[in-house]
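These notes concern the structure reproduced below.
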Amino acid sequence: MFRRPRPGEEDLEQMKREFEESPQPASVVVNKRKSMDKNVDPNKKSRSVFARKRDELRNSVQPGKDSIKGTGPEVVLSDIQERVSVKEAKPPTPNFSSAFPDIIKLEETRNRHNSKASLFSQQFGRIKQSLALDSLSSELVTTDGGDPIKKKTMQTGNVIRSDLIGEKSFIIEGSGLQTSADVEKLHQENVVKLKSMSEEEILAEQSRLFQSLDPKLIEFLVKKRDSQQTVGSARPQVIPASTTELSQSSGDADALKQYPSMNVEEPEKKEWMMDIPEDEIANISIAGHSARFGFDGSLLDPHSEIDVQSGLHHHGEEPGRAGYTLGELFTLARSSNARQRVVALDILTGVLDKFWSGLFDRSFSLNPVEEMIRSGLVSLLRCCMDEGEESVVYSATLCLANLIAPQGEESALDLTSLYSLEQPNLSPEIETEEREEEEELKDHELVQLDLVQGLLRMDLLPRIRYILTVLRPGPGIVLAALRILIRISRHSYSAAKLVTNCSGLMQTILVEFLPARLPHTFSQKSLHGAPVWLACKLCRIISSWNSELANFVYQNYHLGQSLIAYLTFDPMDVVIPTRESFQLCIESYRTLSVLLRHNLATQQFTDLYPVFVRLLLYLAEKMDIPEANTGPKFDMDVGSWLLTMLSSALGCTDSNVLNWSHVENFRTPVETCCRKWLVQISRTDGELPASVYNLLGACLSFLSAFHLKLKNISGYSNEAHCKELEERFSNILKSLYDSEKLQSVYKSIADQSSYLAEYKEQQRSPDCLPSPGSVLHSGYLHPILHQHCPTFFVASLNKFVSIIQSVGAHTTSPDRHLVGLKKYLQRISVEHLSLVSNWFSRYEGRMLFWIVSNAFHSNTAMEMYTLSTVVCGLLQRPDEILVREIMEKVIFSRTALQSDCLLTNSLNNLSIEEATPLISPSNLPKEDVDKILKTSIENIECIKETYFTKLLDETICRHSLAVHNLVNHLPKSLTYSPGTVLPQDWPYYPLLEVFNQDSPVQKSREIPVEDLRNCLTWLLLSDSGKMSLPEHNTAKYYRLATVLLSGNDLFLDPTIHTLLSALLYGILHCGIPDLSLSVPGLTSGHDLYLQLLDQFQAVSYGDQLFSLFIVIPLCAVQPVAFRRTLLTEKSDVLRVITLKKDQLPDKILQLFVKERESHVDILLEYFKALMEKKIMPVRNDLLFFLAVRSVRTVCQAESLNDEEKKFKNFLLNSKMDESLRKEILDLNEKP
């Protein structure tokens, strides 16, 4: 290799001599054509510094062999052969000093400058420097013409000069340079320069520098060199002075020597391992810091002390805090390292699990799941499910399952499916316009609107099929995938149909995870070939939609044969785990019950008939009501589901799919069990578990359905039937109602009530992913899920008694049912109720219905009538037929309305302390309230027809009747949307419908005045004697005000005017409505008040009833925005309000002036209206009284703030009429 010649002729002559002595030819033929060998990379880079250094080390261990200096072809071939020989060579026999291989060590580093480069980088730099020094050293030796004496002198001199000069620069520190390696490079160049100079030349250069430099600068450099030499001389053989200053102690540096390649301290590399200063830790506050989670997904306390060895501390914005933020977890989940992705997904799985448990409800101002969905969590999980590594697929699948299918919600639905087989429709409520635009949305946008629909668009179903069919993963992925499919099937009928239509998916699930034969072996590593209860549950959820999907699941595969196998084995005798076998047995009963409701699996029912009889005989002979939790819980659960399944089978007899002979023989053993258990429970003192209540409830439900079906059988004798019932149950029921146990159960219902509970509805479910709501706010469970909740038992007991009474059997008196329940029923009638629309509250609503149906004929008819009105707003779908029945038999019953206690109470409450009647500008004859009510009772059918037409659909009621009477061939579905049948304000529905009908879109339609009259009449009948809560009074005020906004002159109709006046006085009799309270369904009360003011100004003609609605917000306790609007923006209205003080009872009038007006701007407006004659004593008697009283109260007050003092001074200095001054400033008159 040629080098550039140095200035002068000596270098050129030296190169000439070397060329002449060289044995190589003057020219070499070089082949520039591309090689035909495909294995040779034309873009292959030149050998690295490490390769060259390795060759030198390899050659140095072979003595006697010179290094290769040529670059001819033979050298290249030798390199190729050497690489081949390395691959074929056998590994050498290890010669270790210990039982383990020796640790590879980095070279000893004695000299280290102040650099942040790693040891690896430093060693790389030293290799390059050694190569450069070797080259420079050889040049220095050869520049003298090869004089051996001078070579030796230079080498000897170099050693001495190296000791004197030093191995590093004492002046140059590297500030301003690009890298720290430049410092050593400059130092080495200086050393080389000095080696090339003679002693005389060095001294001459030194003298020149002393003369040109400032003496102070020279003194500074000398002192700096001396100080660094002094510091470095303490430990010159280990580390430089800069490292010594940063080290903790000399003991720490000595301790590093015992570890390989740790002979040099690097403080800057271990700064992140040092303890955080205590002052920084003390300043950490919860506010302003990101939430951090542990490996189990728990939220970490910022002030908690967590050991650094826990692995939760890492590089980040807050190195002093342990845990991972959601942002850091999202970053880790996108890592190229599989293990990091798994860790992030596992933490997110734990976070979601604890989130759905309600543990974070009070921890965040924002919904973390909603934020994660918005940040792309669903797309991230979907991409991870496409990974090839099973660990990543498992973590992603489990995380997605925890996101969309919380285990707590699914467990609650499984538990309560015993009470009724209905399942919730969990699709989000989306407007029609948004549904039509779904196809135009991107996947990420669709996920935020409807998460399940977004997953379906992302081809999740084909991916799950591929995972289960081709990858055949372990149990974790299989169970998580089944949970995902169950939640997708709950979404909607279309989603469930997509699951069944996905090619090969259902076939794989039913063949692999619901085999017709039980396996002889069970593997913990794979569930393929073993029965999985979640697969059976998936079939049940799909079948709950309609008969079409149920028939698809049942007919296309061997589901019936599998159910026979699972219902006949002993869970203790199979190879699958005991818990799995228990769940599989229970789930098989659930699935068979749903199939029977679609008139399917009747052949399997017939085949299993002997098994069912044997189990019933076992329950009758062996099963007793246990004390506390000592009984066989599994046997009671199996018994409960056996009885529920038999109830479903009763519905198959209507269409002759099953003969009555297949079920009639079940009556005797079930009645035997029921009578025995009722006697035992009446003699029990201790607490009973929910499994006992469920067993009794299922038994009573079967008997209710059986006796209901028995009436339709040919040859039925009602007289004989009633006699049998009275003989078998009369004495037992009497002793049960008289027992202390049942009374204690009744008294505990108030504590177990979901309507009276102080729990709040959960708000954690985002709109795109609704949930049933079993876990309430702050992690409280819905009361129906409590371990001692008797709701199902009480509902079944009252249903059984009601049905046998409808047959004609008289077993107990009506008053017996109310003993212990009166306090609970009174609270339901008057208190504010919670969790009304919660899916799990439906069972308590049905219990109330059956209590009302039994107890209305007691001596407390008024209480039952009010309760019946409330219960109609509590019943949920598909209880439409129950709503209709309670309306027909109680609410709109002429007998009920004509009862003495009800009618008398209604009429007495209409006399409002002899107040002067309100004047209407219509000048039409005024109607008499008593006459209106008595006439309406005679025409109650018209009122009932009004509500039935507007609230209940005949087709839906027939479907509901089929559901409750177990007519299996009529119901189209067992899945329903959560929510009540009627809105909470259903008594006002005709009013609200007329109000909405008056919108610009429907204004052309004729307003049904008769419907309005019927509604107001019935409101007056039903509400007159009812005690109301403040929020109820406020809601009534706003809803009645809608009558004034309906049409232009509806309120002038004499009947409507009279009824509306009576209803408004009824509200005021309970107190002035608090307009600061929120009303369900009303966005803004102030906006509605603005509409009232505009309507009053336009069409009221000074009607005093309308004026009274306008004046109510002038009370000082009302929100100031109402008064400010009336007195400032609509002050012209004041002239038309002609109400007088005597038109309000004294009790109500005092409520208006009970509180002092505290807003000075309102006082100024009152005074302004008085001065401008907008309010005058003769024309506006009531307003004049309120205005003067408000202004005078401030003048007479002893303690005033600065603003009020200014207002008082303003009044005293104002010019006004003597009469007005006397009214306002007469301080002797008491307010």
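In the structure tokens, chains take the letters A, B, ... in the order shown, each chain's residues start at 1, and ligands count up from 1 in the order shown.
For Pro515 in chain A, the non-local neighbours within 9 Å, defined as residues at least 3 positions apart in the same chain or in other chains and counting only C-alpha atoms, are Leu510, Val511, Glu512, Leu518, Pro519, Gly529, Ala530, Pro531, His558, Leu559, Gln561 and Ser562 of chain A.
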Q.
Taking 5 positions as the minimum chain separation for residues in the same chain, which residues sit within 9 Å of Ser960 in chain A when counting only C-alpha atoms? Answer as a count of residues only.
A. 9
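You can rank A:Leu352, A:Cys942, A:Val967, A:Val870 by their closest distance to Leu982 in chain A using only C-alpha atoms, and at the top of that list sits A:Val870.
For Glu328 in chain A, the set of protein, DNA and RNA residues having any atom at most 12 Å away, when counting only C-alpha atoms and skipping those fewer than 5 positions along the same chain, is Ser290, Ala291, Arg292, Phe293, His314, His315, Gly316, Glu317, Glu318, Gly323, Ala333, Arg334, Ser335, Gln340, Arg341, Val343, Ala344, Leu345, Ile347 and Leu348 of chain A.
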Restricting it to N, CA and C atoms, dump the selection as a PDB file, in the first residue's frame.
```pdb
ATOM      1  N   SER A 290     -48.609  10.974  36.737  1.00  0.00           N
ATOM      2  CA  SER A 290     -49.319   9.949  35.986  1.00  0.00           C
ATOM      3  C   SER A 290     -49.566   8.735  36.870  1.00  0.00           C
ATOM      4  N   ALA A 291     -50.679   8.077  36.604  1.00  0.00           N
ATOM      5  CA  ALA A 291     -50.993   6.850  37.345  1.00  0.00           C
ATOM      6  C   ALA A 291     -50.052   5.746  36.904  1.00  0.00           C
ATOM      7  N   ARG A 292     -49.498   5.030  37.858  1.00  0.00           N
ATOM      8  CA  ARG A 292     -48.564   3.941  37.565  1.00  0.00           C
ATOM      9  C   ARG A 292     -49.105   2.646  38.146  1.00  0.00           C
ATOM     10  N   PHE A 293     -48.881   1.571  37.412  1.00  0.00           N
ATOM     11  CA  PHE A 293     -49.447   0.277  37.753  1.00  0.00           C
ATOM     12  C   PHE A 293     -48.333  -0.746  37.950  1.00  0.00           C
ATOM     13  N   HIS A 314     -37.612   2.044  36.401  1.00  0.00           N
ATOM     14  CA  HIS A 314     -37.025   2.018  35.059  1.00  0.00           C
ATOM     15  C   HIS A 314     -36.731   3.444  34.634  1.00  0.00           C
ATOM     16  N   HIS A 315     -36.045   3.578  33.492  1.00  0.00           N
ATOM     17  CA  HIS A 315     -35.774   4.903  32.945  1.00  0.00           C
ATOM     18  C   HIS A 315     -37.075   5.542  32.508  1.00  0.00           C
ATOM     19  N   GLY A 316     -37.276   6.769  32.852  1.00  0.00           N
ATOM     20  CA  GLY A 316     -38.488   7.455  32.453  1.00  0.00           C
ATOM     21  C   GLY A 316     -38.500   8.868  32.995  1.00  0.00           C
ATOM     22  N   GLU A 317     -39.640   9.525  32.870  1.00  0.00           N
ATOM     23  CA  GLU A 317     -39.747  10.893  33.342  1.00  0.00           C
ATOM     24  C   GLU A 317     -39.738  10.969  34.862  1.00  0.00           C
ATOM     25  N   GLU A 318     -40.161   9.912  35.529  1.00  0.00           N
ATOM     26  CA  GLU A 318     -40.191   9.885  36.986  1.00  0.00           C
ATOM     27  C   GLU A 318     -39.433   8.659  37.483  1.00  0.00           C
ATOM     28  N   GLY A 323     -43.424   1.456  38.815  1.00  0.00           N
ATOM     29  CA  GLY A 323     -44.604   1.143  38.025  1.00  0.00           C
ATOM     30  C   GLY A 323     -44.541   1.719  36.624  1.00  0.00           C
ATOM     31  N   ALA A 333     -45.867  -2.354  24.489  1.00  0.00           N
ATOM     32  CA  ALA A 333     -46.671  -3.300  23.714  1.00  0.00           C
ATOM     33  C   ALA A 333     -46.343  -3.245  22.236  1.00  0.00           C
ATOM     34  N   ARG A 334     -45.725  -2.155  21.786  1.00  0.00           N
ATOM     35  CA  ARG A 334     -45.312  -2.040  20.387  1.00  0.00           C
ATOM     36  C   ARG A 334     -43.835  -2.369  20.195  1.00  0.00           C
ATOM     37  N   SER A 335     -43.197  -2.883  21.225  1.00  0.00           N
ATOM     38  CA  SER A 335     -41.770  -3.194  21.152  1.00  0.00           C
ATOM     39  C   SER A 335     -41.510  -4.345  20.187  1.00  0.00           C
ATOM     40  N   GLN A 340     -41.069  -8.067  26.072  1.00  0.00           N
ATOM     41  CA  GLN A 340     -41.565  -6.764  26.496  1.00  0.00           C
ATOM     42  C   GLN A 340     -43.039  -6.599  26.134  1.00  0.00           C
ATOM     43  N   ARG A 341     -43.426  -7.093  24.975  1.00  0.00           N
ATOM     44  CA  ARG A 341     -44.831  -7.014  24.595  1.00  0.00           C
ATOM     45  C   ARG A 341     -45.694  -7.832  25.549  1.00  0.00           C
ATOM     46  N   VAL A 343     -45.063  -8.591  28.702  1.00  0.00           N
ATOM     47  CA  VAL A 343     -45.138  -7.917  30.004  1.00  0.00           C
ATOM     48  C   VAL A 343     -46.156  -6.784  29.957  1.00  0.00           C
ATOM     49  N   ALA A 344     -46.113  -5.984  28.888  1.00  0.00           N
ATOM     50  CA  ALA A 344     -47.053  -4.862  28.771  1.00  0.00           C
ATOM     51  C   ALA A 344     -48.497  -5.347  28.676  1.00  0.00           C
ATOM     52  N   LEU A 345     -48.739  -6.364  27.874  1.00  0.00           N
ATOM     53  CA  LEU A 345     -50.098  -6.882  27.713  1.00  0.00           C
ATOM     54  C   LEU A 345     -50.609  -7.518  29.005  1.00  0.00           C
ATOM     55  N   ILE A 347     -49.768  -6.636  32.057  1.00  0.00           N
ATOM     56  CA  ILE A 347     -50.113  -5.553  32.981  1.00  0.00           C
ATOM     57  C   ILE A 347     -51.442  -4.917  32.572  1.00  0.00           C
ATOM     58  N   LEU A 348     -51.644  -4.698  31.281  1.00  0.00           N
ATOM     59  CA  LEU A 348     -52.912  -4.143  30.818  1.00  0.00           C
ATOM     60  C   LEU A 348     -54.077  -5.079  31.146  1.00  0.00           C
TER      61      LEU A 348
END
```
Applying 10 Å and only C-alpha atoms, which residues near Gly1071 in chain A remain after dropping the ones on its own chain fewer than 2 positions away? List them as an mmCIF file with C-alpha atoms, in the first residue's frame.
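Result file follows (out-v2.cif):
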```cif
data_model
loop_
_atom_site.group_PDB
_atom_site.id
_atom_site.type_symbol
_atom_site.label_atom_id
_atom_site.label_comp_id
_atom_site.auth_asym_id
_atom_site.auth_seq_id
_atom_site.Cartn_x
_atom_site.Cartn_y
_atom_site.Cartn_z
ATOM 1 C CA SER A 1028 -94.009 13.591 47.395
ATOM 2 C CA LEU A 1029 -90.287 14.092 47.708
ATOM 3 C CA PRO A 1030 -88.798 17.464 46.663
ATOM 4 C CA ASN A 1033 -92.539 18.033 43.184
ATOM 5 C CA THR A 1034 -90.047 19.654 40.827
ATOM 6 C CA TYR A 1065 -102.244 23.707 44.123
ATOM 7 C CA GLY A 1066 -101.537 20.095 45.059
ATOM 8 C CA ILE A 1067 -97.859 20.692 44.319
ATOM 9 C CA LEU A 1068 -97.812 23.895 46.384
ATOM 10 C CA HIS A 1069 -99.567 22.101 49.225
ATOM 11 C CA PRO A 1073 -90.855 23.096 43.975
ATOM 12 C CA ASP A 1074 -87.077 23.443 44.046
ATOM 13 C CA LYS A 1147 -98.958 28.971 54.227
ATOM 14 C CA ILE A 1148 -97.837 29.134 50.620
ATOM 15 C CA LEU A 1151 -92.909 30.404 51.713
#
```
Q: Write out as JSON, numbers by chain the residues lying within 10 Å of range 538-543 of chain A, counting only C-alpha atoms and excluding same-chain residues fewer than 6 positions away.
A: {"A": [422, 423, 424, 482, 483, 484, 485, 486, 487, 488, 489, 490, 492, 493, 495, 496, 497, 499, 500, 506, 509, 510, 549, 550, 551, 552, 553, 554, 559, 587, 588, 590, 591, 592, 593, 594, 595, 597, 598, 973, 974, 975]}
Dump as a short mmCIF file (atom, residue, chain, number, x, y, z; two decimals), in the first residue's frame, selection limited to N, CA and C atoms:
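Contents of the output file again35.cif:
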```
data_model
loop_
_atom_site.label_atom_id
_atom_site.label_comp_id
_atom_site.auth_asym_id
_atom_site.auth_seq_id
_atom_site.Cartn_x
_atom_site.Cartn_y
_atom_site.Cartn_z
N GLU A 422 -83.95 -15.11 30.29
CA GLU A 422 -83.69 -13.99 29.39
C GLU A 422 -82.23 -13.55 29.48
N GLN A 423 -81.71 -13.10 28.35
CA GLN A 423 -80.34 -12.62 28.26
C GLN A 423 -80.36 -11.17 27.74
N PRO A 424 -79.38 -10.35 28.15
CA PRO A 424 -79.37 -8.95 27.72
C PRO A 424 -78.79 -8.77 26.32
N LEU A 482 -63.01 -18.20 23.68
CA LEU A 482 -64.43 -18.51 23.90
C LEU A 482 -65.14 -17.37 24.63
N ARG A 483 -64.46 -16.73 25.56
CA ARG A 483 -65.04 -15.57 26.23
C ARG A 483 -65.31 -14.45 25.25
N ILE A 484 -64.38 -14.24 24.33
CA ILE A 484 -64.57 -13.20 23.31
C ILE A 484 -65.77 -13.53 22.43
N LEU A 485 -65.89 -14.76 22.01
CA LEU A 485 -67.00 -15.16 21.15
C LEU A 485 -68.34 -15.02 21.88
N ILE A 486 -68.36 -15.32 23.16
CA ILE A 486 -69.60 -15.16 23.93
C ILE A 486 -70.03 -13.70 23.98
N ARG A 487 -69.06 -12.81 24.21
CA ARG A 487 -69.41 -11.39 24.26
C ARG A 487 -69.86 -10.87 22.88
N ILE A 488 -69.24 -11.34 21.82
CA ILE A 488 -69.67 -10.95 20.48
C ILE A 488 -71.09 -11.44 20.23
N SER A 489 -71.39 -12.65 20.67
CA SER A 489 -72.73 -13.20 20.46
C SER A 489 -73.79 -12.45 21.27
N ARG A 490 -73.41 -11.83 22.37
CA ARG A 490 -74.36 -11.04 23.14
C ARG A 490 -74.65 -9.69 22.48
N SER A 492 -75.56 -8.61 19.32
CA SER A 492 -76.77 -8.45 18.51
C SER A 492 -77.03 -9.75 17.76
N TYR A 493 -78.21 -9.82 17.19
CA TYR A 493 -78.55 -11.00 16.39
C TYR A 493 -77.62 -11.14 15.19
N ALA A 495 -74.52 -10.12 14.91
CA ALA A 495 -73.21 -10.58 15.35
C ALA A 495 -73.22 -12.07 15.67
N ALA A 496 -74.27 -12.55 16.34
CA ALA A 496 -74.37 -13.98 16.63
C ALA A 496 -74.47 -14.79 15.35
N LYS A 497 -75.16 -14.26 14.37
CA LYS A 497 -75.27 -14.97 13.09
C LYS A 497 -73.93 -15.03 12.38
N VAL A 499 -71.10 -15.26 13.84
CA VAL A 499 -70.33 -16.31 14.52
C VAL A 499 -70.70 -17.68 13.97
N THR A 500 -71.99 -17.92 13.77
CA THR A 500 -72.41 -19.23 13.25
C THR A 500 -72.03 -19.40 11.78
N MET A 506 -67.68 -22.72 14.28
CA MET A 506 -68.55 -23.48 15.17
C MET A 506 -68.27 -24.98 15.07
N ILE A 509 -65.35 -25.66 17.31
CA ILE A 509 -65.69 -25.54 18.73
C ILE A 509 -66.49 -26.74 19.20
N LEU A 510 -67.51 -27.13 18.45
CA LEU A 510 -68.36 -28.23 18.90
C LEU A 510 -67.67 -29.58 18.78
N LEU A 549 -81.36 -19.64 15.01
CA LEU A 549 -79.98 -19.90 15.43
C LEU A 549 -79.91 -21.11 16.35
N ALA A 550 -80.93 -21.27 17.21
CA ALA A 550 -80.94 -22.45 18.09
C ALA A 550 -81.02 -23.73 17.28
N ASN A 551 -81.82 -23.73 16.25
CA ASN A 551 -81.94 -24.91 15.40
C ASN A 551 -80.64 -25.18 14.64
N PHE A 552 -79.95 -24.11 14.22
CA PHE A 552 -78.68 -24.28 13.53
C PHE A 552 -77.65 -24.96 14.43
N VAL A 553 -77.54 -24.46 15.66
CA VAL A 553 -76.56 -25.03 16.59
C VAL A 553 -76.92 -26.47 16.95
N TYR A 554 -78.22 -26.73 17.09
CA TYR A 554 -78.64 -28.05 17.56
C TYR A 554 -78.61 -29.09 16.44
N LEU A 559 -74.78 -31.65 19.30
CA LEU A 559 -74.96 -31.00 20.59
C LEU A 559 -75.86 -31.82 21.51
N GLU A 587 -73.93 -26.01 33.24
CA GLU A 587 -74.13 -25.33 31.96
C GLU A 587 -74.92 -26.21 30.99
N SER A 588 -74.79 -27.50 31.10
CA SER A 588 -75.58 -28.40 30.25
C SER A 588 -77.07 -28.28 30.57
N ARG A 590 -78.48 -25.57 31.76
CA ARG A 590 -78.88 -24.26 31.23
C ARG A 590 -79.14 -24.34 29.73
N THR A 591 -78.23 -24.98 29.00
CA THR A 591 -78.37 -25.06 27.55
C THR A 591 -79.59 -25.88 27.16
N LEU A 592 -79.82 -26.99 27.85
CA LEU A 592 -80.98 -27.81 27.56
C LEU A 592 -82.27 -27.04 27.84
N SER A 593 -82.28 -26.21 28.89
CA SER A 593 -83.47 -25.41 29.20
C SER A 593 -83.77 -24.44 28.07
N VAL A 594 -82.74 -23.80 27.51
CA VAL A 594 -82.95 -22.85 26.42
C VAL A 594 -83.43 -23.58 25.17
N LEU A 595 -82.84 -24.72 24.88
CA LEU A 595 -83.28 -25.47 23.70
C LEU A 595 -84.73 -25.92 23.83
N ARG A 597 -87.04 -24.33 25.38
CA ARG A 597 -87.88 -23.16 25.18
C ARG A 597 -88.12 -22.90 23.69
N HIS A 598 -87.28 -23.47 22.83
CA HIS A 598 -87.49 -23.39 21.38
C HIS A 598 -88.08 -24.68 20.83
N SER A 973 -87.83 -14.59 20.74
CA SER A 973 -86.47 -14.43 21.26
C SER A 973 -86.49 -14.48 22.77
N LEU A 974 -85.35 -14.84 23.35
CA LEU A 974 -85.14 -14.80 24.79
C LEU A 974 -84.12 -13.73 25.17
N THR A 975 -83.74 -12.88 24.21
CA THR A 975 -82.77 -11.82 24.44
C THR A 975 -83.47 -10.48 24.29
#
```
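Candidate residues A:Thr866, A:Thr791, A:Thr1138, A:Ser196 were compared for distance to Tyr693 in chain A, and the nearest is A:Thr791, using only C-alpha atoms.
Between CA of Asp443 in chain A and CA of Val369 in chain A there is a distance of 17.6 Å.
Using only C-alpha atoms, the protein and nucleic acid residues lying no more than 9 Å from Arg884 in chain A, apart from those fewer than 3 places from it along its own chain, are Cys872, Asp879, Glu880, Ile881, Met887, Glu888, Lys889, Phe948, Leu952 and Cys957 of chain A.
Straight-line separation from CA of Leu449 in chain A to CA of Lys972 in chain A: 28.2 Å.
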